Amino acid sequence: MCGIVGYVGSREATPIVYEGLRRLEYRGYDSAGIAVIQDGQIAIRRQAGKLDCLGELLASQPIKGSIGLGHTRWATHGRPCETNAHPHVDCTGQVVVIQNGIVENYRALRHELRAEGHAFKSETDTEVIVHLVERYLVQGLSLEESVRQALHRIEGAHAIAVLSTREPDKLVTARLGNAGGVTIGIGQGEMFVASDIPAILEHTQEVIHLDNQEMAVVTAEGARFLDLDGRVLEKSPHTIPWDPISAVKGEFRHFMQKEIYEQPEALAHTLGGRVDLKRGRVWLEELNLSAQDARNIDKIIIVACGTSAYAGQVGKFLIEAMARIPVEVDYGSEFRYRDPLVDERTAVLAITQSGETVDTLAAMEEARAKGARLWSIVNVIGSQAARISDGVIYMHAGPEIGVASTKAFTTSLADLYLLGLYLGQARGSLSAERVETLLDDVLALPKLAGEVLDQDATNGGAGAYEELAGMYFKRENFLYLGRGINYPIALEGALKLKEISYIHAEGYPAGEMKHGPIALIDERMPTVAIAVRDGVYEKMISQVEQVKARDGAVIAVATQGDRFISTKADHVIYVPKTSPLLTPLLTVLPLQLFAYHVAVRRGADVDQPRNLAKSVTVE
């Protein structure tokens with residue numbers, strides 16, 4: 001899963017597709033490939049490694065044709081290698097598919113297709129899609145209908161593109177959920193497909209975006225749009241300015257809004273290349289940690305600032321639960337001033353989006369001086385934090401331009417989850433059965449995150465969060481409450497509101513409310529309560545009742561299907577059910593959107609809040 005580029009027209013497809021993939025390199029990937037219909041046959045070139053490796057192969061073994069597609073992949077099912085790289089071809093050699101996303105029911109489909117005689121050449125989940133399309137094509141259906149039938153069989157969030165020599169003048173593409181965008185670019189006698197605008201902006205300014213459950217049949221003359229039930233859709237293009245900043249922002253009003261909506265895809269990217277369901281393993285090769293090294297660690301200290309510090313607090317729960325290693329969390333700005341107890345059996349983990357946060361770097365230097373092993377979770381490749389670390393886990397969130405962090409926070413949480421799982425496997429604290437469950441849970445995250453974001457409206461209507469913001473944007477004080485692993489999400493939710501709307505907000509562990517903050521509660525001070533169905537649910541209900549007894553308004557974030565809480569809270573925003581360890585990655589999304597819409601209603605500069613900088617490089 002990562003970058004998708006497609007072309008159909010009169011020009012040579014290969015250089016257009018290849019350069020489009022080059023413009024998507026920022027997403028991260030571990031292999032790449034291109035397929036072109038050449039002389040009536042599908043010609044494929046694939047390589048593990050970076051695009052330069054694919055470029056060398058194309059130079060020595062060129063392929064020519066006027067319709068083609070390409071892909072950069074982060075591995076999820078099967079290690080990075082030529083065989084597992086996209087595009088994938090069917091048994092007949094007549095159909096080729098590329099995909100972003102995870103086929104959640106791939107095991108059952110693989111078994112079913114094998115029983116029908118289909119031969120699988122890779123370890124990927126994607127290959128089941130091409131064999132499903134093949135199944136319907138050989139039954140006599142059109143390419144469009146075969147793709148539509150195949151999509152009805154797969155579960156999960158996906159962006160896909162398909163070519164076939166049976167209908168060599170068209171490219172079929174579709175979007176299900178939020179595993180990645182699909183953009184159709186409109187040219188003169190040529191058309192383009194991409195997972196993000198920068199890939200095709202050189203060639204066209206006129207684009208149409210596919211929404212969830214939509215597909216397009218693309219030829220050189222234009223595109224026809226329909227939903228997955230076959231109903232024809234009318235979609236209008238819009239113009240992207242050549243200005244690169246505006247182009248990147250696309251259809252969104254602010255970068256922060258765009259980055260909130262990129263989180264399902266960002267989560268898919270950070271999981272990609274690291275989760276191997278076939279082997280039941282997590283791969284964190286850049287961590288440079290052997291199983292023996294993992295067993296020699298007595299303590300982990302997480303150092304970070306701001307939003308990253310709250311991610312670290314969630315990470316404490318995750319790592320202790322899975323790896324059974326004691327974890328401390330320190331503000332980077334405080335760590336070196338307390339003479340911390342650190343030695344060679346301590347791992348110090350820095351979390352920093354930019355990798356240049358001066359307080360965090362200073363904490364890392366202090367840890368190094370005391371002999372600790374240094375790790376970092378970083379978004380910017382080649383940053384200082386990454387360079388001085390013994391091991392690194394990259395967020396792969398893509399560029400985050402809005403000052404208030406959103407997707408860097410959730411990808412950090414995903415990386416911390418993977419780290420806990422990785423250490424748990426290395427130290428023997430997790431059974432194989434438990435690992436399988438943990439992996440299945442985390443791979444469902446991009447889809448679940450998309451479901452949360454679907455409650456908002458991005459195309460003109462007033463969504464749930466926007467309506468809620470309209471009720472509360474004039475308030476000047478908020479209280480955010482959470483317990484257990486969601487207590488840090490209360491802190492992060494309050495931080496987002498104060499950062500971009502300039503409303504005073506405080507996050508508290510809910511059990512502490514009665515030890516002071518309860519004195520502030522009245523009809524003018526709303527409370528946001530994170531009350532998902534977990535081990536502290538009844539305790540959170542008690543906190544909600546205490547707020548209501550003092551005439552306070554309550555906005556609850558709750559688990560889908562929980563109708564009881566609607567009898568207690570004034571407003572309820574639901575998130576899908578997931579593992580208790582993963583609830584923070586879902587409960588934070590409504591809080592980001594609420595803060596965003598409140599800030600917009602107050603007329604604040606959402607992307608560049610006053611007094612704040614994206615990368616804090618001074619003490």
# chains A, B, ... in the order shown; residues from 1 in each chain; ligands from 1
call {"tool": "residues_around", "arguments": {"residues": "Asp227 (chain A)", "least_positions_apart": "6", "cutoff": "6 Å", "atoms": "only C-alpha atoms", "output": "ChimeraX atom specification"}}
result
/A:213-215
call {"tool": "write_last_selection", "arguments": {"atoms": "N, CA, C and O atoms", "output": "mmCIF file, in the first residue's frame"}}
result
data_model
loop_
_atom_site.group_PDB
_atom_site.id
_atom_site.type_symbol
_atom_site.label_atom_id
_atom_site.label_comp_id
_atom_site.auth_asym_id
_atom_site.auth_seq_id
_atom_site.Cartn_x
_atom_site.Cartn_y
_atom_site.Cartn_z
ATOM 1 N N GLN A 213 -16.962 3.927 -1.791
ATOM 2 C CA GLN A 213 -17.904 3.080 -2.504
ATOM 3 C C GLN A 213 -18.171 3.561 -3.933
ATOM 4 O O GLN A 213 -19.245 3.340 -4.489
ATOM 5 N N GLU A 214 -17.174 4.207 -4.536
ATOM 6 C CA GLU A 214 -17.316 4.674 -5.911
ATOM 7 C C GLU A 214 -16.223 4.084 -6.789
ATOM 8 O O GLU A 214 -15.128 3.769 -6.325
ATOM 9 N N MET A 215 -16.529 3.960 -8.085
ATOM 10 C CA MET A 215 -15.555 3.467 -9.044
ATOM 11 C C MET A 215 -15.640 4.290 -10.315
ATOM 12 O O MET A 215 -16.623 5.000 -10.552
#
call {"tool": "select_by_dssp", "arguments": {"residues": "region 90-234 of chain A", "states": "strand (DSSP E or B)", "output": "PyMOL selection string"}}
result
chain A and resi 95-101+158-164+171-176+183-186+191-194+206-209+214-219+222-227+232-233
call {"tool": "select_by_dssp", "arguments": {"residues": "region 182-338 of chain A", "states": "alpha helix (DSSP H)", "output": "VMD selection string"}}
result
chain A and resid 244 to 249 255 to 261 263 to 271 291 to 295 307 to 323 332 to 335
call {"tool": "residues_around", "arguments": {"residues": "Ala529 (chain A)", "least_positions_apart": "4", "cutoff": "12 Å", "atoms": "only C-alpha atoms", "output": "PyMOL selection string"}}
result
chain A and resi 478-483+486-487+489-491+493-494+506-511+513+537+539-548+552-558+565+568-574+587-588+590-591
call {"tool": "closest_atom_pairs", "arguments": {"of": "region 329-392 of chain A", "to": "region 276-286 of chain A", "cutoff": "10 Å", "atoms": "only C-alpha atoms", "output": "JSON lines"}}
result
{"residue": "A:Trp375", "atom": "CA", "partner": "A:Glu286", "partner_atom": "CA", "distance": 9.8}
{"residue": "A:Asp390", "atom": "CA", "partner": "A:Glu286", "partner_atom": "CA", "distance": 8.8}
{"residue": "A:Gly391", "atom": "CA", "partner": "A:Glu286", "partner_atom": "CA", "distance": 5.6}
{"residue": "A:Val392", "atom": "CA", "partner": "A:Glu286", "partner_atom": "CA", "distance": 5.5}
call {"tool": "residues_around", "arguments": {"residues": "Asp522 (chain A)", "least_positions_apart": "2", "cutoff": "10 Å", "atoms": "only C-alpha atoms", "output": "count of residues only"}}
result
14
call {"tool": "residues_around", "arguments": {"residues": "Leu57 (chain A)", "least_positions_apart": "4", "cutoff": "12 Å", "atoms": "only C-alpha atoms", "output": "PDB file with all heavy atoms, in the first residue's frame"}}
result
ATOM      1  N   TYR A  18       6.089   6.356 -14.134  1.00  0.00           N
ATOM      2  CA  TYR A  18       7.302   6.317 -13.307  1.00  0.00           C
ATOM      3  C   TYR A  18       7.545   7.657 -12.608  1.00  0.00           C
ATOM      4  O   TYR A  18       7.813   7.708 -11.401  1.00  0.00           O
ATOM      5  CB  TYR A  18       8.507   5.955 -14.175  1.00  0.00           C
ATOM      6  CG  TYR A  18       9.803   5.828 -13.397  1.00  0.00           C
ATOM      7  CD1 TYR A  18      10.113   4.652 -12.715  1.00  0.00           C
ATOM      8  CD2 TYR A  18      10.709   6.883 -13.341  1.00  0.00           C
ATOM      9  CE1 TYR A  18      11.290   4.535 -12.004  1.00  0.00           C
ATOM     10  CE2 TYR A  18      11.885   6.770 -12.632  1.00  0.00           C
ATOM     11  CZ  TYR A  18      12.182   5.595 -11.956  1.00  0.00           C
ATOM     12  OH  TYR A  18      13.345   5.482 -11.243  1.00  0.00           O
ATOM     13  N   ALA A  32       8.537  -1.450  -5.872  1.00  0.00           N
ATOM     14  CA  ALA A  32       7.782  -0.686  -6.860  1.00  0.00           C
ATOM     15  C   ALA A  32       7.635  -1.502  -8.133  1.00  0.00           C
ATOM     16  O   ALA A  32       8.443  -2.406  -8.400  1.00  0.00           O
ATOM     17  CB  ALA A  32       8.479   0.642  -7.159  1.00  0.00           C
ATOM     18  N   GLY A  33       6.602  -1.185  -8.909  1.00  0.00           N
ATOM     19  CA  GLY A  33       6.401  -1.902 -10.163  1.00  0.00           C
ATOM     20  C   GLY A  33       5.505  -1.137 -11.115  1.00  0.00           C
ATOM     21  O   GLY A  33       4.742  -0.249 -10.708  1.00  0.00           O
ATOM     22  N   ILE A  34       5.614  -1.473 -12.383  1.00  0.00           N
ATOM     23  CA  ILE A  34       4.811  -0.865 -13.445  1.00  0.00           C
ATOM     24  C   ILE A  34       4.315  -1.969 -14.372  1.00  0.00           C
ATOM     25  O   ILE A  34       5.051  -2.917 -14.663  1.00  0.00           O
ATOM     26  CB  ILE A  34       5.636   0.165 -14.243  1.00  0.00           C
ATOM     27  CG1 ILE A  34       5.907   1.410 -13.393  1.00  0.00           C
ATOM     28  CG2 ILE A  34       4.929   0.572 -15.534  1.00  0.00           C
ATOM     29  CD1 ILE A  34       6.790   2.439 -14.060  1.00  0.00           C
ATOM     30  N   ILE A  44       5.174  -6.524 -17.340  1.00  0.00           N
ATOM     31  CA  ILE A  44       5.351  -6.066 -15.968  1.00  0.00           C
ATOM     32  C   ILE A  44       6.835  -5.969 -15.646  1.00  0.00           C
ATOM     33  O   ILE A  44       7.625  -6.855 -15.991  1.00  0.00           O
ATOM     34  CB  ILE A  44       4.672  -7.025 -14.962  1.00  0.00           C
ATOM     35  CG1 ILE A  44       3.153  -7.062 -15.189  1.00  0.00           C
ATOM     36  CG2 ILE A  44       4.970  -6.604 -13.517  1.00  0.00           C
ATOM     37  CD1 ILE A  44       2.439  -8.043 -14.283  1.00  0.00           C
ATOM     38  N   ARG A  45       7.211  -4.889 -14.934  1.00  0.00           N
ATOM     39  CA  ARG A  45       8.551  -4.755 -14.381  1.00  0.00           C
ATOM     40  C   ARG A  45       8.395  -4.394 -12.905  1.00  0.00           C
ATOM     41  O   ARG A  45       7.720  -3.413 -12.571  1.00  0.00           O
ATOM     42  CB  ARG A  45       9.349  -3.665 -15.108  1.00  0.00           C
ATOM     43  CG  ARG A  45       9.515  -3.907 -16.605  1.00  0.00           C
ATOM     44  CD  ARG A  45      10.435  -5.076 -16.907  1.00  0.00           C
ATOM     45  NE  ARG A  45      10.635  -5.220 -18.357  1.00  0.00           N
ATOM     46  CZ  ARG A  45       9.910  -6.007 -19.129  1.00  0.00           C
ATOM     47  NH1 ARG A  45       8.907  -6.729 -18.606  1.00  0.00           N
ATOM     48  NH2 ARG A  45      10.155  -6.086 -20.424  1.00  0.00           N
ATOM     49  N   ARG A  46       9.022  -5.188 -12.041  1.00  0.00           N
ATOM     50  CA  ARG A  46       8.911  -4.974 -10.597  1.00  0.00           C
ATOM     51  C   ARG A  46      10.288  -5.134  -9.969  1.00  0.00           C
ATOM     52  O   ARG A  46      11.094  -5.944 -10.422  1.00  0.00           O
ATOM     53  CB  ARG A  46       7.947  -5.975  -9.956  1.00  0.00           C
ATOM     54  CG  ARG A  46       6.559  -6.000 -10.565  1.00  0.00           C
ATOM     55  CD  ARG A  46       5.651  -6.976  -9.870  1.00  0.00           C
ATOM     56  NE  ARG A  46       6.128  -8.354  -9.938  1.00  0.00           N
ATOM     57  CZ  ARG A  46       5.398  -9.413  -9.610  1.00  0.00           C
ATOM     58  NH1 ARG A  46       4.154  -9.233  -9.178  1.00  0.00           N
ATOM     59  NH2 ARG A  46       5.883 -10.633  -9.694  1.00  0.00           N
ATOM     60  N   GLN A  47      10.498  -4.399  -8.879  1.00  0.00           N
ATOM     61  CA  GLN A  47      11.758  -4.523  -8.158  1.00  0.00           C
ATOM     62  C   GLN A  47      11.545  -4.213  -6.686  1.00  0.00           C
ATOM     63  O   GLN A  47      10.772  -3.304  -6.341  1.00  0.00           O
ATOM     64  CB  GLN A  47      12.808  -3.551  -8.704  1.00  0.00           C
ATOM     65  CG  GLN A  47      13.517  -4.008  -9.965  1.00  0.00           C
ATOM     66  CD  GLN A  47      14.569  -5.077  -9.683  1.00  0.00           C
ATOM     67  OE1 GLN A  47      14.246  -6.179  -9.229  1.00  0.00           O
ATOM     68  NE2 GLN A  47      15.816  -4.765  -9.953  1.00  0.00           N
ATOM     69  N   ALA A  48      12.220  -4.945  -5.830  1.00  0.00           N
ATOM     70  CA  ALA A  48      12.302  -4.551  -4.427  1.00  0.00           C
ATOM     71  C   ALA A  48      13.253  -3.364  -4.319  1.00  0.00           C
ATOM     72  O   ALA A  48      14.099  -3.148  -5.190  1.00  0.00           O
ATOM     73  CB  ALA A  48      12.807  -5.721  -3.586  1.00  0.00           C
ATOM     74  N   GLY A  49      13.101  -2.579  -3.261  1.00  0.00           N
ATOM     75  CA  GLY A  49      13.965  -1.426  -3.076  1.00  0.00           C
ATOM     76  C   GLY A  49      13.330  -0.159  -3.621  1.00  0.00           C
ATOM     77  O   GLY A  49      12.122  -0.082  -3.849  1.00  0.00           O
ATOM     78  N   LYS A  50      14.165   0.836  -3.838  1.00  0.00           N
ATOM     79  CA  LYS A  50      13.693   2.153  -4.237  1.00  0.00           C
ATOM     80  C   LYS A  50      13.428   2.243  -5.734  1.00  0.00           C
ATOM     81  O   LYS A  50      13.791   1.367  -6.514  1.00  0.00           O
ATOM     82  CB  LYS A  50      14.701   3.222  -3.790  1.00  0.00           C
ATOM     83  CG  LYS A  50      14.832   3.327  -2.277  1.00  0.00           C
ATOM     84  CD  LYS A  50      13.490   3.615  -1.616  1.00  0.00           C
ATOM     85  CE  LYS A  50      13.596   3.744  -0.108  1.00  0.00           C
ATOM     86  NZ  LYS A  50      12.284   3.950   0.527  1.00  0.00           N
ATOM     87  N   LEU A  51      12.817   3.364  -6.132  1.00  0.00           N
ATOM     88  CA  LEU A  51      12.451   3.547  -7.527  1.00  0.00           C
ATOM     89  C   LEU A  51      13.652   3.522  -8.461  1.00  0.00           C
ATOM     90  O   LEU A  51      13.530   3.142  -9.629  1.00  0.00           O
ATOM     91  CB  LEU A  51      11.704   4.874  -7.690  1.00  0.00           C
ATOM     92  CG  LEU A  51      10.183   4.819  -7.511  1.00  0.00           C
ATOM     93  CD1 LEU A  51       9.613   6.224  -7.485  1.00  0.00           C
ATOM     94  CD2 LEU A  51       9.537   4.007  -8.616  1.00  0.00           C
ATOM     95  N   ASP A  52      14.811   3.926  -7.965  1.00  0.00           N
ATOM     96  CA  ASP A  52      16.006   3.867  -8.810  1.00  0.00           C
ATOM     97  C   ASP A  52      16.271   2.439  -9.278  1.00  0.00           C
ATOM     98  O   ASP A  52      16.741   2.229 -10.410  1.00  0.00           O
ATOM     99  CB  ASP A  52      17.213   4.402  -8.052  1.00  0.00           C
ATOM    100  CG  ASP A  52      17.161   5.910  -7.878  1.00  0.00           C
ATOM    101  OD1 ASP A  52      16.394   6.560  -8.626  1.00  0.00           O
ATOM    102  OD2 ASP A  52      17.875   6.435  -7.008  1.00  0.00           O
ATOM    103  N   CYS A  53      15.988   1.472  -8.427  1.00  0.00           N
ATOM    104  CA  CYS A  53      16.176   0.070  -8.813  1.00  0.00           C
ATOM    105  C   CYS A  53      15.221  -0.298  -9.945  1.00  0.00           C
ATOM    106  O   CYS A  53      15.605  -0.973 -10.907  1.00  0.00           O
ATOM    107  CB  CYS A  53      15.959  -0.846  -7.613  1.00  0.00           C
ATOM    108  SG  CYS A  53      17.072  -0.537  -6.230  1.00  0.00           S
ATOM    109  N   GLN A  61      15.316  -3.239 -19.607  1.00  0.00           N
ATOM    110  CA  GLN A  61      14.212  -4.012 -20.164  1.00  0.00           C
ATOM    111  C   GLN A  61      12.999  -3.094 -20.340  1.00  0.00           C
ATOM    112  O   GLN A  61      12.038  -3.163 -19.590  1.00  0.00           O
ATOM    113  CB  GLN A  61      13.855  -5.187 -19.243  1.00  0.00           C
ATOM    114  CG  GLN A  61      14.993  -6.158 -18.976  1.00  0.00           C
ATOM    115  CD  GLN A  61      14.576  -7.252 -17.999  1.00  0.00           C
ATOM    116  OE1 GLN A  61      13.437  -7.711 -17.981  1.00  0.00           O
ATOM    117  NE2 GLN A  61      15.513  -7.688 -17.183  1.00  0.00           N
ATOM    118  N   PRO A  62      13.049  -2.200 -21.320  1.00  0.00           N
ATOM    119  CA  PRO A  62      11.967  -1.211 -21.471  1.00  0.00           C
ATOM    120  C   PRO A  62      10.638  -1.857 -21.855  1.00  0.00           C
ATOM    121  O   PRO A  62      10.603  -2.940 -22.450  1.00  0.00           O
ATOM    122  CB  PRO A  62      12.481  -0.300 -22.588  1.00  0.00           C
ATOM    123  CG  PRO A  62      13.460  -1.134 -23.341  1.00  0.00           C
ATOM    124  CD  PRO A  62      14.090  -2.056 -22.342  1.00  0.00           C
ATOM    125  N   ILE A  63       9.555  -1.213 -21.476  1.00  0.00           N
ATOM    126  CA  ILE A  63       8.224  -1.626 -21.897  1.00  0.00           C
ATOM    127  C   ILE A  63       7.524  -0.414 -22.483  1.00  0.00           C
ATOM    128  O   ILE A  63       7.645   0.699 -21.976  1.00  0.00           O
ATOM    129  CB  ILE A  63       7.401  -2.234 -20.745  1.00  0.00           C
ATOM    130  CG1 ILE A  63       7.431  -1.356 -19.490  1.00  0.00           C
ATOM    131  CG2 ILE A  63       7.899  -3.628 -20.416  1.00  0.00           C
ATOM    132  CD1 ILE A  63       6.580  -1.883 -18.350  1.00  0.00           C
ATOM    133  N   GLU A  82      10.639  -8.990  -5.203  1.00  0.00           N
ATOM    134  CA  GLU A  82      10.043  -8.802  -6.521  1.00  0.00           C
ATOM    135  C   GLU A  82       8.714  -9.538  -6.647  1.00  0.00           C
ATOM    136  O   GLU A  82       7.747  -9.019  -7.205  1.00  0.00           O
ATOM    137  CB  GLU A  82      11.032  -9.282  -7.600  1.00  0.00           C
ATOM    138  CG  GLU A  82      10.580  -8.998  -9.030  1.00  0.00           C
ATOM    139  CD  GLU A  82       9.660 -10.080  -9.585  1.00  0.00           C
ATOM    140  OE1 GLU A  82       9.786 -11.243  -9.136  1.00  0.00           O
ATOM    141  OE2 GLU A  82       8.801  -9.770 -10.440  1.00  0.00           O
TER     142      GLU A  82
END
call {"tool": "closest_atom_pairs", "arguments": {"of": "region 436-539 of chain A", "to": "region 421-432 of chain A", "cutoff": "9 Å", "atoms": "only C-alpha atoms", "output": "JSON lines"}}
result
{"residue": "A:Glu436", "atom": "CA", "partner": "A:Ala432", "partner_atom": "CA", "distance": 6.3}
{"residue": "A:Thr437", "atom": "CA", "partner": "A:Ala432", "partner_atom": "CA", "distance": 8.8}
{"residue": "A:Leu438", "atom": "CA", "partner": "A:Leu421", "partner_atom": "CA", "distance": 7.9}
{"residue": "A:Leu439", "atom": "CA", "partner": "A:Leu421", "partner_atom": "CA", "distance": 8.6}
call {"tool": "closest_residue", "arguments": {"among": "A:Leu176, A:Val536, A:Val232, A:Ile325", "to": "Leu210 (chain A)", "atoms": "only C-alpha atoms"}}
result
A:Leu176
call {"tool": "residues_around", "arguments": {"residues": "Leu151 (chain A)", "least_positions_apart": "2", "cutoff": "10 Å", "atoms": "only C-alpha atoms", "output": "list in words"}}
result
Ile129, Leu132, Val133, Glu145, Ser146, Val147, Arg148, Gln149, Arg153, Ile154, Glu155, Gly156, His158, Ile160, Ala174, Arg175, Leu176, Gln213 and Leu228 of chain A
call {"tool": "write_last_selection", "arguments": {"atoms": "C-alpha atoms", "output": "tab-separated table (two decimals), in the first residue's frame"}}
result
chain	number	residue	atom	x	y	z
A	129	ILE	CA	-8.31	-9.43	-5.90
A	132	LEU	CA	-11.48	-12.68	-8.17
A	133	VAL	CA	-11.58	-10.37	-11.20
A	145	GLU	CA	-18.68	-5.71	-13.90
A	146	SER	CA	-15.95	-8.19	-12.93
A	147	VAL	CA	-14.22	-5.56	-10.82
A	148	ARG	CA	-17.52	-4.56	-9.24
A	149	GLN	CA	-18.33	-8.17	-8.33
A	153	ARG	CA	-16.34	-10.01	-2.02
A	154	ILE	CA	-13.45	-8.27	-0.25
A	155	GLU	CA	-13.54	-6.72	3.19
A	156	GLY	CA	-11.57	-3.72	4.39
A	158	HIS	CA	-9.10	-0.19	-0.45
A	160	ILE	CA	-7.45	-0.27	-6.51
A	174	ALA	CA	-12.28	2.19	-7.25
A	175	ARG	CA	-12.23	3.40	-3.68
A	176	LEU	CA	-13.67	1.57	-0.68
A	213	GLN	CA	-17.90	3.08	-2.50
A	228	LEU	CA	-20.56	-0.27	-6.30
call {"tool": "closest_residue", "arguments": {"among": "A:Ala464, A:Met322, A:Thr567, A:Ile186", "to": "Arg434 (chain A)", "atoms": "only C-alpha atoms"}}
result
A:Met322
call {"tool": "residues_around", "arguments": {"residues": "Ile16 (chain A)", "least_positions_apart": "3", "cutoff": "12 Å", "atoms": "only C-alpha atoms", "output": "PyMOL selection string"}}
result
chain A and resi 5-13+19-23+34+36+64-70+190-194+199-203
call {"tool": "closest_residue", "arguments": {"among": "A:Asp229, A:Thr124, A:Glu365, A:Glu356", "to": "Val380 (chain A)", "atoms": "only C-alpha atoms"}}
result
A:Glu356
call {"tool": "atom_distance", "arguments": {"atom1": "CA of Ala372 (chain A)", "atom2": "CA of Gln313 (chain A)"}}
result
20.0 Å
call {"tool": "closest_atom_pairs", "arguments": {"of": "region 192-298 of chain A", "to": "region 607-612 of chain A", "cutoff": "7 Å", "atoms": "only C-alpha atoms", "output": "tab-separated table"}}
result
residue	atom	partner	partner_atom	distance
A:His254	CA	A:Asp607	CA	6.5
A:Phe255	CA	A:Asp607	CA	6.3
A:Met256	CA	A:Asp607	CA	6.0
call {"tool": "write_last_selection", "arguments": {"atoms": "N, CA, C and O atoms", "output": "PDB file, in the first residue's frame"}}
result
ATOM      1  N   HIS A 254      -8.242  23.773   5.082  1.00  0.00           N
ATOM      2  CA  HIS A 254      -7.008  23.967   5.834  1.00  0.00           C
ATOM      3  C   HIS A 254      -6.149  22.705   5.760  1.00  0.00           C
ATOM      4  O   HIS A 254      -6.672  21.604   5.581  1.00  0.00           O
ATOM      5  N   PHE A 255      -4.851  22.885   5.949  1.00  0.00           N
ATOM      6  CA  PHE A 255      -3.978  21.726   6.010  1.00  0.00           C
ATOM      7  C   PHE A 255      -4.341  20.817   7.178  1.00  0.00           C
ATOM      8  O   PHE A 255      -4.285  19.599   7.066  1.00  0.00           O
ATOM      9  N   MET A 256      -4.718  21.419   8.305  1.00  0.00           N
ATOM     10  CA  MET A 256      -5.063  20.586   9.453  1.00  0.00           C
ATOM     11  C   MET A 256      -6.247  19.686   9.128  1.00  0.00           C
ATOM     12  O   MET A 256      -6.249  18.496   9.479  1.00  0.00           O
TER      13      MET A 256
END
